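**Student:** Handing you this structure, nothing more for now.
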Amino acid sequence: MSEPPSYDASLVHDESYLATSHKGLTYPFGTHAPGSGELTRVADGISWARIPMPGSLGHINSWLLDDAGGMAVVDTGMQLRSCSDAWKALFEGALAETRLTRIICTHLHPDHIGLAGWLAKKFEAELWMTRGEWLTARMLIADARDEVPEEAIINQRGAGWGDDVLAETRGKGWGRFGRMVFPMPVGYRRLKDGDRLDMGAHAWTVVVGSGHSPEHACLLNEKSGVLVSGDQVLPRISSNVSINISEPMADPLGEWLASIDKLLDVLPADLLVCPAHGEPFKGLHVRLRALRDEHLGRLDALVRHLGEPRRVIDCFSQLFNREIGPEHRELATGEALAHLRRLELEGRARRETRDGVWWFHAA
């Protein structure tokens with residue numbers, strides 16, 4: 001398995017540039033995580049493996065669900081040697097006598113689907129995803145080209161970046177997504193909101209959220225009191241919520257906030273939450289409210305900041321807790337634009353375009 005170019009998982013969600021409160025949570029397993037080749041049983045029907053990755057996060061959690069005839073995998077790590085080596089250690093260790101029955105991916109980001117095709121091929125197992133995640137992943141994998149799309153340049157200019165950044169962007173090429181993902185199967189099994197996955201002694205219900213990605217699947221085991229939350233609910237960081245060039249007038253922050261309200265309504269408060277990053281925790285409703293209130297507070301601060309016209313890049317100080325370097329430029333721009341778009345739709349901000357640059361001001 002070849003190494004793709006360096007990839008920092010902190011570009012997707014980074015505690016240091018969008019920190020949120022995690023007070024009121026409890027961690028039944030503390031900060032202890034399973035080591036190489038090990039699984040930790042966290043509840044009836046589910047075990048925990050940790051897959052190391054580069055970047056500030058340093059890992060992704062893979063969850064192994066008891067299934068008829070073996071175990072189902074939820075999320076896989078990227079197409080990196082460190083990730084595949086971690087799986088090989090599991091196959092020689094805790095999973096030595098276990099067949100993987102199905103590969104489930106909560107959403108499309110490379111740290112979640114990167115080795116899905118590899119595992120599916122190795123075990124002749126089906127890949128399970130929601131349609132929105134599957135189709136978007138396939139589109140991104142296929143969209144590899146030498147030249148950067150002009151829409152990307154227009155978007156950066158609109159956000160307020162100068163000619164130096166635009167020239168740097170033009171020189172990067174386009175389509176690195178596919179280099180982080182092992183070739184995926186041609187077909188998949190669709191997950192839908194409310195689906196019940198029968199896994200022998202256990203059943204898992206699909207609960208779909210949105211905002212961080214198009215159609216993110218969480219898995220609920222009511223009998224065991226467990227939620228596999230992927231990136232929809234993380235204990236210490238807030239997942240990136242961005243607008244990108246494929247849907248420039250989208251409202252991902254509105255979808256994110258609506259998903260929080262949905263999860264508060266349909267999920268019990270006392271579940272053991274098994275996230276993609278960090279440790280299993282309790283305090284789901286506390287965490288959901290903290291995530292919601294953090295974004296609402298950022299929106300209010302942003303409106304005050306728009307007392308005079310501002311570009312997207314002028315709003316970073318209201319949203320992030322550090323300087324934004326080149327490695328975080330794209331997602332910071334997308335996140336800021338998502339907040340400004342939400343204010344537009346709420347009627348609290350207006351946008352004007354001058355010489356290709358967007359200027360936002362309080363309505």
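Each chain of the structure tokens is named A, B, ... in the order shown, its residues numbered from 1; ligands are numbered from 1 in display order.
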Quick check for you: according to DSSP on this backbone, which residues of stretch 21-241 of chain A are classed as strand (DSSP E)? Reply as a PyMOL selection string.
**Tutor:** chain A and resi 40-43+46-52+59-67+70-74+100-104+126-130+189-191+196-199+202-209+216-221+226-230
**Student:** Hey, what's within 9 Å of stretch 300-315 of chain A if we count only C-alpha atoms and toss same-chain stuff fewer than 4 positions away? As a ChimeraX atom specification, please?
**Tutor:** /A:158-161,295-296,319-320,332-333,336-337,339-340,343,348-349,351,357-363
**Student:** Could you write out the selected residues, including N, CA and C atoms, as a compact mmCIF listing (two decimals), in the first residue's frame?
**Tutor:**
```txt
# COMPACT_ATOMS: atom_id res chain seq x y z
N GLY A 158 -13.17 35.80 -3.61
CA GLY A 158 -14.36 36.31 -2.95
C GLY A 158 -14.18 36.42 -1.45
N ALA A 159 -13.46 35.46 -0.87
CA ALA A 159 -13.24 35.46 0.58
C ALA A 159 -12.27 36.53 1.02
N GLY A 160 -11.50 37.09 0.06
CA GLY A 160 -10.59 38.17 0.40
C GLY A 160 -9.13 37.84 0.31
N TRP A 161 -8.78 36.63 -0.13
CA TRP A 161 -7.37 36.27 -0.25
C TRP A 161 -6.74 37.01 -1.42
N HIS A 295 -21.76 27.70 18.77
CA HIS A 295 -21.99 28.26 17.44
C HIS A 295 -22.92 29.46 17.49
N LEU A 296 -23.95 29.40 18.31
CA LEU A 296 -24.85 30.54 18.42
C LEU A 296 -24.13 31.76 18.97
N LEU A 319 -13.99 33.73 15.19
CA LEU A 319 -14.35 32.31 15.13
C LEU A 319 -13.26 31.38 15.64
N PHE A 320 -12.01 31.78 15.51
CA PHE A 320 -10.91 30.88 15.79
C PHE A 320 -10.00 31.46 16.86
N ALA A 332 -10.72 26.88 7.26
CA ALA A 332 -11.07 28.07 8.03
C ALA A 332 -11.94 29.01 7.19
N THR A 333 -11.59 29.15 5.91
CA THR A 333 -12.40 29.97 5.01
C THR A 333 -13.80 29.38 4.87
N ALA A 336 -15.80 29.96 8.18
CA ALA A 336 -16.23 31.35 8.33
C ALA A 336 -17.37 31.67 7.36
N LEU A 337 -17.25 31.19 6.13
CA LEU A 337 -18.30 31.44 5.14
C LEU A 337 -19.61 30.78 5.56
N HIS A 339 -20.71 30.40 8.59
CA HIS A 339 -21.33 31.26 9.60
C HIS A 339 -21.93 32.51 8.97
N LEU A 340 -21.22 33.10 8.04
CA LEU A 340 -21.74 34.30 7.37
C LEU A 340 -22.98 33.97 6.54
N LEU A 343 -25.97 33.79 8.78
CA LEU A 343 -26.45 35.14 9.12
C LEU A 343 -27.22 35.76 7.97
N ARG A 348 -29.68 38.65 9.18
CA ARG A 348 -28.86 39.46 10.07
C ARG A 348 -27.60 40.00 9.40
N ALA A 349 -27.35 39.59 8.16
CA ALA A 349 -26.19 40.09 7.42
C ALA A 349 -26.53 40.17 5.95
N ARG A 351 -24.61 40.70 1.91
CA ARG A 351 -23.36 40.55 1.16
C ARG A 351 -23.37 41.47 -0.05
N VAL A 357 -14.71 40.60 -4.71
CA VAL A 357 -14.55 40.32 -3.28
C VAL A 357 -15.88 40.51 -2.58
N TRP A 358 -16.23 39.56 -1.70
CA TRP A 358 -17.47 39.65 -0.93
C TRP A 358 -17.24 40.48 0.33
N TRP A 359 -18.12 41.45 0.55
CA TRP A 359 -18.10 42.25 1.77
C TRP A 359 -19.43 42.02 2.51
N PHE A 360 -19.33 41.65 3.76
CA PHE A 360 -20.52 41.37 4.58
C PHE A 360 -20.68 42.49 5.61
N HIS A 361 -21.92 42.86 5.84
CA HIS A 361 -22.21 43.84 6.90
C HIS A 361 -23.52 43.49 7.56
N ALA A 362 -23.65 43.94 8.81
CA ALA A 362 -24.86 43.66 9.56
C ALA A 362 -26.06 44.29 8.88
N ALA A 363 -27.15 43.55 8.83
CA ALA A 363 -28.36 44.06 8.19
C ALA A 363 -29.10 44.96 9.17
```
**Student:** Nearest to A:Arg196 among A:Glu215, A:Glu222, A:Asp293, A:Glu150, with distances taken over only C-alpha atoms: which residue is it?
**Tutor:**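 Closest to A:Arg196 of all the choices is A:Glu222.
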**Student:** Give the answer as one residue: which of A:Val273, A:Leu57, A:Ala250, A:Ala94 has the shortest atom-to-atom distance to A:Ser229, using only C-alpha atoms?
**Tutor:**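 Between A:Val273, A:Leu57, A:Ala250, A:Ala94, the residue approaching A:Ser229 most closely is A:Val273.
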**Student:** I'd like the neighbourhood of stretch 96-105 of chain A as a PyMOL selection string, where a residue qualifies if any of its atoms comes within 9 Å (using only C-alpha atoms), though same-chain residues fewer than 5 positions away should be ignored.
**Tutor:** chain A and resi 64+67-76+90-91+112-113+116-117+119-120+123-130+133+216-217+230
**Student:** Name all residues at most 12 Å from A:Leu135 (count only C-alpha atoms; drop same-chain ones fewer than 5 positions away) and give them as a PyMOL selection string.
**Tutor:** chain A and resi 107-108+129-130+140-142+184+186-188+190+213-215
**Student:** Set the distance at 9 Å and use only C-alpha atoms: which residues neighbour A:Ala338 once local chain neighbours fewer than 5 positions away are removed? I'd like the list as a ChimeraX atom specification.
**Tutor:** /A:241-243,250-254,333,343
**Student:** Keeping C-alpha atoms, export the residues of the selection given above as a compact mmCIF listing (two decimals), in the first residue's frame.
**Tutor:**
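Result saved to selection.txt:
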```txt
# COMPACT_ATOMS: atom_id res chain seq x y z
CA VAL A 241 -18.78 22.92 9.35
CA SER A 242 -17.88 24.43 5.99
CA ILE A 243 -19.20 25.67 2.69
CA ALA A 250 -25.48 25.77 1.01
CA ASP A 251 -26.35 26.21 4.68
CA PRO A 252 -24.25 23.59 6.51
CA LEU A 253 -24.37 25.46 9.81
CA GLY A 254 -28.16 25.57 9.68
CA THR A 333 -12.40 29.97 5.01
CA LEU A 343 -26.45 35.14 9.12
```
**Student:** Which value, in Å to one decimal, gives the distance between atom CA of A:Ser317 and atom CA of A:Leu284?
**Tutor:**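 Spanning atom CA of A:Ser317 to atom CA of A:Leu284 is a straight-line distance of 29.0 Å.
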**Student:** Using only C-alpha atoms, which of the listed residues (A:Lys23, A:His277, A:Arg81, A:Lys88) sits closest to A:Ser36?
**Tutor:**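 Smallest distance to A:Ser36 is found for A:Lys88.
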